[in-house]
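Colleague: My structure is stored as protein.tsv, with TSV, C-alpha atoms.
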```tsv
chain	number	residue	atom	x	y	z
A	1	MET	CA	58.63	22.08	21.94
A	2	ASP	CA	61.93	23.87	21.43
A	3	VAL	CA	62.28	27.54	22.40
A	4	VAL	CA	64.85	30.25	21.78
A	5	TYR	CA	65.30	33.37	23.89
A	6	LEU	CA	66.85	36.48	22.38
A	7	LEU	CA	68.05	39.39	24.51
A	8	VAL	CA	68.85	42.63	22.67
A	9	TYR	CA	70.52	45.73	24.09
A	10	VAL	CA	71.21	48.30	21.33
A	11	ASP	CA	73.59	46.31	19.07
A	12	ASP	CA	74.50	43.55	21.55
A	13	ILE	CA	72.55	40.30	21.34
A	14	ILE	CA	72.50	37.19	23.54
A	15	LEU	CA	70.93	34.01	22.13
A	16	THR	CA	70.08	30.92	24.13
A	17	GLY	CA	67.55	28.14	23.89
A	18	SER	CA	66.78	24.45	24.13
A	19	SER	CA	68.02	23.54	20.61
A	20	THR	CA	71.42	24.44	19.12
A	21	THR	CA	70.01	23.73	15.65
A	22	LEU	CA	67.19	26.21	16.14
A	23	ILE	CA	69.62	28.81	17.50
A	24	GLN	CA	71.83	28.40	14.42
A	25	GLN	CA	68.84	28.70	12.09
A	26	LEU	CA	67.75	31.92	13.77
A	27	THR	CA	71.31	33.25	13.64
A	28	ASN	CA	71.49	32.53	9.90
A	29	ARG	CA	68.19	34.30	9.26
A	30	LEU	CA	69.27	37.32	11.27
A	31	ASN	CA	72.54	37.40	9.37
A	32	THR	CA	70.70	37.70	6.06
A	33	ALA	CA	69.07	40.93	7.25
A	34	PHE	CA	71.83	42.37	9.46
A	35	SER	CA	75.60	42.25	9.55
A	36	LEU	CA	76.33	40.02	12.54
A	37	LYS	CA	79.56	39.00	14.21
A	38	GLN	CA	79.37	35.81	16.22
A	39	LEU	CA	81.58	35.95	19.31
A	40	GLY	CA	81.01	32.40	20.55
A	41	HIS	CA	80.20	31.62	24.18
A	42	LEU	CA	79.10	34.57	26.27
A	43	ASP	CA	82.19	36.08	27.88
A	44	TYR	CA	81.63	39.80	28.38
A	45	PHE	CA	78.31	41.62	28.19
A	46	LEU	CA	77.83	45.27	29.16
A	47	GLY	CA	80.93	45.14	31.33
A	48	LEU	CA	79.93	41.88	33.04
A	49	LYS	CA	82.42	39.02	33.04
A	50	ILE	CA	80.81	35.59	32.67
A	51	LYS	CA	82.75	32.68	34.17
A	52	TYR	CA	81.68	29.09	33.50
A	53	LEU	CA	82.13	26.65	36.37
A	54	SER	CA	82.59	22.89	36.28
A	55	ASN	CA	79.15	22.21	37.80
A	56	ASN	CA	77.42	24.13	34.95
A	57	SER	CA	76.91	27.19	37.14
A	58	ILE	CA	78.00	30.62	35.96
A	59	LEU	CA	79.53	33.43	37.99
A	60	MET	CA	78.92	37.01	36.89
A	61	THR	CA	81.58	39.45	38.08
A	62	GLN	CA	82.70	43.01	37.41
A	63	SER	CA	86.31	42.60	38.52
A	64	LYS	CA	87.78	44.71	35.68
A	65	TYR	CA	85.19	47.44	36.19
A	66	ILE	CA	85.85	47.56	39.94
A	67	ARG	CA	89.63	47.46	39.45
A	68	ASP	CA	89.41	50.46	37.08
A	69	LEU	CA	87.31	52.30	39.66
A	70	LEU	CA	89.89	51.60	42.37
A	71	HIS	CA	92.66	53.02	40.18
A	72	LYS	CA	90.55	56.08	39.36
A	73	THR	CA	90.11	56.84	43.05
A	74	HIS	CA	93.73	55.94	43.95
A	75	MET	CA	92.43	53.14	46.19
A	76	ALA	CA	94.10	50.21	44.37
A	77	GLU	CA	96.72	49.85	47.12
A	78	ALA	CA	94.36	50.51	50.04
A	79	HIS	CA	93.94	47.93	52.78
A	80	SER	CA	90.87	45.75	52.30
A	81	ILE	CA	88.08	45.47	54.86
A	82	SER	CA	85.47	42.82	55.65
A	83	SER	CA	82.26	44.89	55.43
A	84	PRO	CA	81.24	48.00	53.46
A	85	MET	CA	79.71	49.89	56.40
A	86	VAL	CA	80.18	50.06	60.16
A	87	SER	CA	77.21	48.49	61.95
A	88	ASN	CA	76.46	51.57	64.08
A	89	CYS	CA	76.95	54.12	61.27
A	90	LYS	CA	74.31	56.87	61.01
A	91	LEU	CA	74.64	59.33	58.13
A	92	SER	CA	73.03	62.78	58.05
A	93	LYS	CA	72.87	65.54	55.45
A	94	HIS	CA	73.65	68.11	58.15
A	95	GLY	CA	77.25	68.95	59.00
A	96	ALA	CA	80.02	71.50	58.51
A	97	ASP	CA	82.58	69.12	56.99
A	98	VAL	CA	81.73	69.87	53.33
A	99	PHE	CA	83.54	67.56	50.90
A	100	HIS	CA	86.00	69.50	48.74
A	101	ASP	CA	85.14	67.81	45.39
A	102	PRO	CA	81.39	67.12	44.93
A	103	SER	CA	81.92	66.18	41.26
A	104	LEU	CA	84.29	63.36	42.26
A	105	TYR	CA	81.81	62.15	44.87
A	106	ARG	CA	78.96	62.03	42.33
A	107	SER	CA	81.12	60.28	39.75
A	108	VAL	CA	82.33	57.56	42.12
A	109	VAL	CA	78.94	56.96	43.72
A	110	GLY	CA	77.33	56.77	40.28
A	111	ALA	CA	79.92	54.16	39.29
A	112	LEU	CA	79.17	52.19	42.46
A	113	GLN	CA	75.51	52.04	41.49
A	114	TYR	CA	76.47	50.05	38.38
A	115	ALA	CA	78.58	47.71	40.51
A	116	THR	CA	75.44	46.57	42.33
A	117	LEU	CA	74.45	44.62	39.18
A	118	THR	CA	76.57	41.72	40.39
A	119	ARG	CA	77.13	42.81	44.00
A	120	PRO	CA	73.70	42.99	45.66
A	121	GLU	CA	75.26	42.96	49.14
A	122	ILE	CA	76.44	46.59	48.72
A	123	SER	CA	73.01	47.83	47.57
A	124	PHE	CA	72.07	49.26	50.97
A	125	VAL	CA	75.21	51.29	51.58
A	126	VAL	CA	75.37	52.49	47.95
A	127	ASN	CA	71.75	53.62	48.15
A	128	LYS	CA	72.62	55.41	51.39
A	129	VAL	CA	75.54	57.40	49.98
A	130	CYS	CA	73.45	58.21	46.88
A	131	GLN	CA	71.13	60.25	49.10
A	132	PHE	CA	73.82	62.92	49.62
A	133	MET	CA	74.71	63.69	46.01
A	134	ALA	CA	73.57	67.32	46.27
A	135	ALA	CA	75.87	68.32	49.14
A	136	PRO	CA	78.29	65.55	50.17
A	137	LEU	CA	80.24	65.80	53.41
A	138	ASP	CA	83.60	64.36	54.40
A	139	SER	CA	81.76	61.80	56.53
A	140	HIS	CA	79.90	60.59	53.44
A	141	TRP	CA	83.14	60.30	51.46
A	142	THR	CA	84.63	58.22	54.30
A	143	VAL	CA	81.83	55.69	53.80
A	144	VAL	CA	82.42	55.69	50.02
A	145	LYS	CA	86.10	54.90	50.59
A	146	ARG	CA	85.12	52.07	52.95
A	147	ILE	CA	82.94	50.59	50.17
A	148	LEU	CA	85.93	50.73	47.82
A	149	ARG	CA	88.17	49.06	50.40
A	150	TYR	CA	85.57	46.31	50.81
A	151	LEU	CA	85.38	45.82	47.02
A	152	LYS	CA	89.18	45.62	46.82
A	153	GLY	CA	89.17	42.70	49.23
A	154	THR	CA	86.34	40.95	47.35
A	155	LEU	CA	87.41	41.84	43.82
A	156	PHE	CA	86.52	38.47	42.30
A	157	HIS	CA	83.24	37.98	44.10
A	158	GLY	CA	80.17	37.93	41.91
A	159	LEU	CA	76.62	36.70	41.53
A	160	LEU	CA	76.34	32.93	41.18
A	161	LEU	CA	73.64	31.48	38.92
A	162	GLN	CA	73.02	27.77	39.32
A	163	PRO	CA	71.33	25.33	36.91
A	164	THR	CA	67.80	24.24	37.73
A	165	SER	CA	65.81	21.15	36.91
A	166	THR	CA	63.30	21.41	34.06
A	167	LYS	CA	61.21	18.60	35.54
A	168	ASN	CA	59.80	20.53	38.50
A	169	PRO	CA	58.18	23.98	38.60
A	170	LEU	CA	60.50	26.73	39.79
A	171	ALA	CA	59.91	28.14	43.26
A	172	ILE	CA	59.57	31.93	43.51
A	173	ARG	CA	60.55	33.29	46.94
A	174	ALA	CA	60.82	36.88	48.11
A	175	PHE	CA	62.44	38.00	51.37
A	176	CYS	CA	60.93	41.34	52.31
A	177	ASP	CA	62.02	43.67	55.11
A	178	ALA	CA	61.91	47.31	56.21
A	179	ASP	CA	63.91	49.28	58.78
A	180	TRP	CA	61.35	51.62	60.32
A	181	ALA	CA	62.16	55.35	60.67
A	182	SER	CA	65.85	54.66	60.07
A	183	ASP	CA	66.69	57.97	58.38
A	184	VAL	CA	68.00	60.42	60.98
A	185	ASP	CA	66.91	63.48	58.97
A	186	ASP	CA	63.31	62.75	57.93
A	187	LYS	CA	62.50	59.48	59.80
A	188	ARG	CA	61.57	57.67	56.63
A	189	SER	CA	62.02	53.90	56.49
A	190	THR	CA	64.32	51.81	54.32
A	191	SER	CA	62.84	48.99	52.25
A	192	GLY	CA	64.74	45.93	51.09
A	193	THR	CA	63.67	42.92	49.04
A	194	ALA	CA	65.47	39.91	47.56
A	195	ILE	CA	63.57	37.76	45.04
A	196	PHE	CA	64.76	34.26	44.15
A	197	LEU	CA	63.78	32.15	41.15
A	198	GLY	CA	64.66	28.66	42.19
A	199	PRO	CA	68.08	28.96	43.91
A	200	ASN	CA	69.03	32.13	42.02
A	201	LEU	CA	68.69	35.77	43.03
A	202	VAL	CA	66.99	37.56	40.12
A	203	SER	CA	65.73	40.86	41.55
A	204	TRP	CA	66.60	42.99	44.57
A	205	TRP	CA	66.49	46.53	45.87
A	206	SER	CA	67.30	48.75	48.80
A	207	ARG	CA	65.67	52.17	48.84
A	208	LYS	CA	64.27	54.81	51.12
A	209	GLN	CA	60.48	54.95	51.21
A	210	LYS	CA	58.84	58.03	49.68
A	211	VAL	CA	56.57	58.74	52.65
A	212	THR	CA	57.02	58.56	56.42
A	213	ALA	CA	55.41	55.47	57.94
A	214	ARG	CA	53.61	55.86	61.26
A	215	SER	CA	54.46	52.35	62.42
A	216	SER	CA	56.83	49.51	61.63
A	217	THR	CA	53.84	47.53	60.36
A	218	GLU	CA	53.00	50.25	57.85
A	219	ALA	CA	56.62	50.43	56.67
A	220	GLU	CA	56.76	46.65	56.20
A	221	TYR	CA	53.40	46.51	54.45
A	222	ARG	CA	54.32	49.23	51.97
A	223	ASN	CA	57.31	47.13	50.93
A	224	ILE	CA	55.12	44.02	50.77
A	225	ALA	CA	52.87	45.85	48.27
A	226	GLN	CA	55.85	46.93	46.18
A	227	THR	CA	57.24	43.40	46.23
A	228	SER	CA	53.85	42.06	45.16
A	229	THR	CA	53.95	44.36	42.13
A	230	GLU	CA	57.41	43.04	41.15
A	231	LEU	CA	56.26	39.44	41.64
A	232	THR	CA	53.24	40.10	39.41
A	233	TRP	CA	55.61	41.25	36.65
A	234	ILE	CA	57.81	38.15	37.10
A	235	TYR	CA	54.67	35.98	37.16
A	236	THR	CA	53.56	37.46	33.82
A	237	LEU	CA	57.03	37.22	32.24
A	238	LEU	CA	57.51	33.56	33.17
A	239	THR	CA	54.05	32.76	31.82
A	240	GLU	CA	54.96	34.36	28.48
A	241	LEU	CA	58.25	32.44	28.43
A	242	GLN	CA	56.35	29.20	29.11
A	243	VAL	CA	58.29	28.50	32.31
A	244	SER	CA	56.42	26.54	34.97
A	245	PHE	CA	56.58	27.89	38.52
A	246	THR	CA	54.90	27.58	41.89
A	247	THR	CA	52.84	30.23	43.68
A	248	PRO	CA	55.18	33.07	44.75
A	249	VAL	CA	55.84	33.24	48.50
A	250	ILE	CA	56.85	36.37	50.43
A	251	PHE	CA	58.74	35.80	53.68
A	252	CYS	CA	58.28	38.55	56.27
A	253	ASP	CA	59.48	38.72	59.88
A	254	ASN	CA	56.63	41.00	61.04
A	255	GLN	CA	53.72	38.95	62.43
A	256	SER	CA	51.30	41.90	62.26
A	257	VAL	CA	51.88	42.30	58.52
A	258	VAL	CA	51.16	38.61	57.90
A	259	SER	CA	47.96	38.84	59.98
A	260	ILE	CA	46.73	41.94	58.12
A	261	ALA	CA	47.37	40.30	54.76
A	262	HIS	CA	45.28	37.25	55.62
A	263	ASN	CA	42.65	38.58	58.06
A	264	PRO	CA	40.04	41.18	56.95
A	265	ILE	CA	39.15	41.95	60.59
A	266	PHE	CA	42.21	44.20	60.75
A	267	HIS	CA	40.78	46.50	58.07
A	268	SER	CA	39.58	49.16	60.52
A	269	ARG	CA	43.11	49.55	61.86
A	270	THR	CA	44.71	50.00	58.44
A	271	LYS	CA	42.68	52.69	56.66
A	272	HIS	CA	45.77	54.86	56.24
A	273	MET	CA	47.27	52.20	53.93
A	274	GLU	CA	44.00	50.88	52.50
A	275	ILE	CA	45.08	50.59	48.84
A	276	ASP	CA	48.14	48.51	49.70
A	277	VAL	CA	46.08	46.24	51.95
A	278	PHE	CA	43.45	45.53	49.30
A	279	PHE	CA	46.02	45.09	46.51
A	280	VAL	CA	47.95	42.44	48.44
A	281	ARG	CA	44.82	40.72	49.71
A	282	GLU	CA	43.42	40.42	46.17
A	283	LYS	CA	46.60	38.64	45.11
A	284	ILE	CA	46.32	36.25	48.06
A	285	LEU	CA	42.65	35.48	47.37
A	286	ALA	CA	43.46	34.85	43.70
A	287	LYS	CA	46.16	32.38	44.87
A	288	GLN	CA	48.80	34.39	43.02
A	289	LEU	CA	50.69	35.10	46.21
A	290	SER	CA	51.33	33.74	49.69
A	291	ILE	CA	52.80	35.58	52.68
A	292	VAL	CA	54.58	33.59	55.37
A	293	HIS	CA	56.13	34.66	58.67
A	294	ILE	CA	59.76	33.80	59.37
A	295	PRO	CA	62.00	34.51	62.40
A	296	ALA	CA	64.08	37.66	62.24
A	297	LEU	CA	67.32	35.63	62.16
A	298	ASP	CA	66.15	33.97	58.93
A	299	GLN	CA	65.35	37.28	57.23
A	300	TRP	CA	67.87	37.45	54.38
A	301	ALA	CA	66.71	40.93	53.34
A	302	ASP	CA	68.30	42.40	56.50
A	303	ILE	CA	71.44	43.02	54.47
A	304	LEU	CA	69.42	45.35	52.21
A	305	THR	CA	67.91	47.51	54.96
A	306	LYS	CA	70.56	48.24	57.61
A	307	PRO	CA	74.29	48.15	58.40
A	308	LEU	CA	75.29	44.85	59.99
A	309	SER	CA	78.17	43.37	61.94
A	310	ALA	CA	80.89	41.78	59.80
A	311	SER	CA	79.89	38.22	60.77
A	312	ARG	CA	76.18	38.76	60.07
A	313	PHE	CA	77.00	40.57	56.83
A	314	GLU	CA	79.19	37.73	55.55
A	315	ALA	CA	76.55	35.14	56.45
A	316	LEU	CA	73.80	36.96	54.56
A	317	ARG	CA	76.11	37.74	51.64
A	318	GLY	CA	76.34	34.02	51.06
A	319	LYS	CA	72.55	33.71	51.18
A	320	LEU	CA	72.35	36.19	48.28
A	321	ASN	CA	74.62	33.86	46.24
A	322	VAL	CA	77.51	36.33	46.17
A	323	LYS	CA	80.43	33.94	45.79
A	324	SER	CA	84.04	33.84	44.68
A	325	VAL	CA	86.14	31.24	42.90
A	326	SER	CA	89.92	31.07	42.94
A	327	ASN	CA	90.51	30.38	39.27
A	328	GLU	CA	89.65	33.33	37.04
A	329	ASN	CA	90.13	31.59	33.71
A	330	SER	CA	86.91	30.57	32.01
A	331	PRO	CA	86.73	27.58	29.68
A	332	PRO	CA	85.95	28.25	26.01
```
Take the structure in the file and give it back as structure tokens.
Modeller:
Amino acid sequence: MDVVYLLVYVDDIILTGSSTTLIQQLTNRLNTAFSLKQLGHLDYFLGLKIKYLSNNSILMTQSKYIRDLLHKTHMAEAHSISSPMVSNCKLSKHGADVFHDPSLYRSVVGALQYATLTRPEISFVVNKVCQFMAAPLDSHWTVVKRILRYLKGTLFHGLLLQPTSTKNPLAIRAFCDADWASDVDDKRSTSGTAIFLGPNLVSWWSRKQKVTARSSTEAEYRNIAQTSTELTWIYTLLTELQVSFTTPVIFCDNQSVVSIAHNPIFHSRTKHMEIDVFFVREKILAKQLSIVHIPALDQWADILTKPLSASRFEALRGKLNVKSVSNENSPP
């Protein structure tokens, strides 16, 4: 059975499917009701540049968007740097070095948020500087400039999407991590998750938790519950799209979290996060989810929860499929 997928954003439409004939028929029918302009192969969409590679992969970049941002901030000629944040950096909202132009800070940081659409590796540091929008300090602006210097040196990096086989069900994997009590002001934890559909990164986040966790296990488990909710949505979407997939697996480097998820004996120790425990366990019992322990060195979500050394950052950046190709010209 042939299928066609149609993505609409205001007056921009992307069409794809398993049959070019069916796509053309749908295009003709739409054209009878609306005035359409066919632009051929997908090239630009909402500021994203789509580059087609020889192995049928595509690379999504925002090189023009980032270049414009560098010119706006007078950072186009700045020296590049290998990582967007120093590994021992700790930011606080308290300080006397008030930044002289809060409006500029908010504008640039807001623009950086959009850049994370194809640059997941900067999600953590961008989320961090977003937390000081109300009263930015010079120390916060220094980190923003370091992000820009990093982007200058990786201008043509983007998110790689690779073709997958239609013969086998797609594997859904989620790498889930939390940095306990990492905020120096309120001791709240930072959650980070990277979700892969087959070999491709399709969903990710880095954000500060809304409540203070009393243990690293609680911080990790809260993110596990949130990740389970996102996986449920992906599970439902793929079912509607008639895409076959395997049982989603969450990889976590906290052994206590894995034990709580699978062993009801731990219930008496987890009453303070009872709803999350039961929600995740129901998914496991229904075989809609599996949680597996992995070593800390194999935890790819580390890049979304804490500042890392340059070598560790570059290694995990590759795991998120953030790549670069030398030739910018896309085939027709």
Colleague: With 12 Å as the threshold, what does the neighbourhood of (79.1, 60.7, 55.0) contain in terms of residues, counting all atoms listed in the file? Coordinates are those of the file; answer as an NGL selection string.
Modeller: :A and (85-86 or 89-99 or 105 or 109 or 125-126 or 128-133 or 135-147)
Colleague: Next, write the just-selected residues to a file, as a tab-separated table (two decimals), keeping the file's coordinate frame, keeping C-alpha atoms as the atom set.
Modeller:
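Saved file result-v7.tsv follows:
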```
chain	number	residue	atom	x	y	z
A	85	MET	CA	79.71	49.89	56.40
A	86	VAL	CA	80.18	50.06	60.16
A	89	CYS	CA	76.95	54.12	61.27
A	90	LYS	CA	74.31	56.87	61.01
A	91	LEU	CA	74.64	59.33	58.13
A	92	SER	CA	73.03	62.78	58.05
A	93	LYS	CA	72.87	65.54	55.45
A	94	HIS	CA	73.65	68.11	58.15
A	95	GLY	CA	77.25	68.95	59.00
A	96	ALA	CA	80.02	71.50	58.51
A	97	ASP	CA	82.58	69.12	56.99
A	98	VAL	CA	81.73	69.87	53.33
A	99	PHE	CA	83.54	67.56	50.90
A	105	TYR	CA	81.81	62.15	44.87
A	109	VAL	CA	78.94	56.96	43.72
A	125	VAL	CA	75.21	51.29	51.58
A	126	VAL	CA	75.37	52.49	47.95
A	128	LYS	CA	72.62	55.41	51.39
A	129	VAL	CA	75.54	57.40	49.98
A	130	CYS	CA	73.45	58.21	46.88
A	131	GLN	CA	71.13	60.25	49.10
A	132	PHE	CA	73.82	62.92	49.62
A	133	MET	CA	74.71	63.69	46.01
A	135	ALA	CA	75.87	68.32	49.14
A	136	PRO	CA	78.29	65.55	50.17
A	137	LEU	CA	80.24	65.80	53.41
A	138	ASP	CA	83.60	64.36	54.40
A	139	SER	CA	81.76	61.80	56.53
A	140	HIS	CA	79.90	60.59	53.44
A	141	TRP	CA	83.14	60.30	51.46
A	142	THR	CA	84.63	58.22	54.30
A	143	VAL	CA	81.83	55.69	53.80
A	144	VAL	CA	82.42	55.69	50.02
A	145	LYS	CA	86.10	54.90	50.59
A	146	ARG	CA	85.12	52.07	52.95
A	147	ILE	CA	82.94	50.59	50.17
```
Colleague: By how many Å are atom CA of A:Leu151 and atom CA of A:Ser189 apart?
Modeller: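 It comes out at 26.5 Å.
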Colleague: Could you tell me how far atom CA of A:Leu161 sits from atom CA of A:Asn223, in Å to one decimal place?
Modeller: 25.6 Å
Colleague: Which residue gives the smallest distance to A:Thr16 among A:Gly40, A:Pro295, A:Pro169, A:Pro84, with all atoms listed in the file counted?
Modeller: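 Closest to A:Thr16, using all atoms listed in the file: A:Gly40.
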Colleague: Give me the residues near stretch 195-206 of chain A as an mmCIF file with C-alpha atoms, keeping the file's coordinate frame, where near means some atom within 10 Å (using all atoms listed in the file) and where sequence neighbours in that chain fewer than 3 positions away do not count.
Modeller:
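Saved the output as around26.cif:
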```cif
data_model
loop_
_atom_site.group_PDB
_atom_site.id
_atom_site.type_symbol
_atom_site.label_atom_id
_atom_site.label_comp_id
_atom_site.auth_asym_id
_atom_site.auth_seq_id
_atom_site.Cartn_x
_atom_site.Cartn_y
_atom_site.Cartn_z
ATOM 1 C CA THR A 116 75.440 46.570 42.330
ATOM 2 C CA LEU A 117 74.450 44.620 39.180
ATOM 3 C CA PRO A 120 73.700 42.990 45.660
ATOM 4 C CA GLU A 121 75.260 42.960 49.140
ATOM 5 C CA ILE A 122 76.440 46.590 48.720
ATOM 6 C CA SER A 123 73.010 47.830 47.570
ATOM 7 C CA PHE A 124 72.070 49.260 50.970
ATOM 8 C CA VAL A 125 75.210 51.290 51.580
ATOM 9 C CA VAL A 126 75.370 52.490 47.950
ATOM 10 C CA ASN A 127 71.750 53.620 48.150
ATOM 11 C CA LYS A 128 72.620 55.410 51.390
ATOM 12 C CA LEU A 159 76.620 36.700 41.530
ATOM 13 C CA LEU A 160 76.340 32.930 41.180
ATOM 14 C CA LEU A 161 73.640 31.480 38.920
ATOM 15 C CA GLN A 162 73.020 27.770 39.320
ATOM 16 C CA PRO A 163 71.330 25.330 36.910
ATOM 17 C CA THR A 164 67.800 24.240 37.730
ATOM 18 C CA SER A 165 65.810 21.150 36.910
ATOM 19 C CA PRO A 169 58.180 23.980 38.600
ATOM 20 C CA LEU A 170 60.500 26.730 39.790
ATOM 21 C CA ALA A 171 59.910 28.140 43.260
ATOM 22 C CA ILE A 172 59.570 31.930 43.510
ATOM 23 C CA ARG A 173 60.550 33.290 46.940
ATOM 24 C CA ALA A 174 60.820 36.880 48.110
ATOM 25 C CA PHE A 175 62.440 38.000 51.370
ATOM 26 C CA CYS A 176 60.930 41.340 52.310
ATOM 27 C CA ASP A 177 62.020 43.670 55.110
ATOM 28 C CA ALA A 178 61.910 47.310 56.210
ATOM 29 C CA THR A 190 64.320 51.810 54.320
ATOM 30 C CA SER A 191 62.840 48.990 52.250
ATOM 31 C CA GLY A 192 64.740 45.930 51.090
ATOM 32 C CA GLN A 209 60.480 54.950 51.210
ATOM 33 C CA THR A 227 57.240 43.400 46.230
ATOM 34 C CA GLU A 230 57.410 43.040 41.150
ATOM 35 C CA LEU A 231 56.260 39.440 41.640
ATOM 36 C CA ILE A 234 57.810 38.150 37.100
ATOM 37 C CA PHE A 245 56.580 27.890 38.520
ATOM 38 C CA THR A 246 54.900 27.580 41.890
ATOM 39 C CA PRO A 248 55.180 33.070 44.750
ATOM 40 C CA VAL A 249 55.840 33.240 48.500
ATOM 41 C CA ILE A 250 56.850 36.370 50.430
ATOM 42 C CA ALA A 301 66.710 40.930 53.340
ATOM 43 C CA ILE A 303 71.440 43.020 54.470
ATOM 44 C CA LEU A 304 69.420 45.350 52.210
ATOM 45 C CA THR A 305 67.910 47.510 54.960
ATOM 46 C CA LYS A 306 70.560 48.240 57.610
ATOM 47 C CA LYS A 319 72.550 33.710 51.180
ATOM 48 C CA LEU A 320 72.350 36.190 48.280
ATOM 49 C CA ASN A 321 74.620 33.860 46.240
ATOM 50 C CA VAL A 322 77.510 36.330 46.170
#
```
Colleague: So which residues fall inside 10 Å of (93.9, 52.1, 51.1) if we count only C-alpha atoms? Mind giving them as a ChimeraX atom specification?
Modeller: /A:70,74-81,145-146,148-149,152
Colleague: Restricting the calculation to all atoms listed in the file, which member of A:Leu104, A:Ile291, A:Val243, A:Ala111 is positioned closest to A:Thr166?
Modeller: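 For A:Thr166, the nearest of the given residues is A:Val243.
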Colleague: Would you please work out which residue, of A:His71, A:Arg106, A:Lys283, A:Lys49, is nearest to A:Thr118 when using all atoms listed in the file?
Modeller: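 Using all atoms listed in the file, the shortest distance to A:Thr118 belongs to A:Lys49.
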Colleague: In Å, how far is it from atom CA of A:Arg317 to atom CA of A:Gln62?
Modeller: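 These atoms are spaced 16.5 Å apart.
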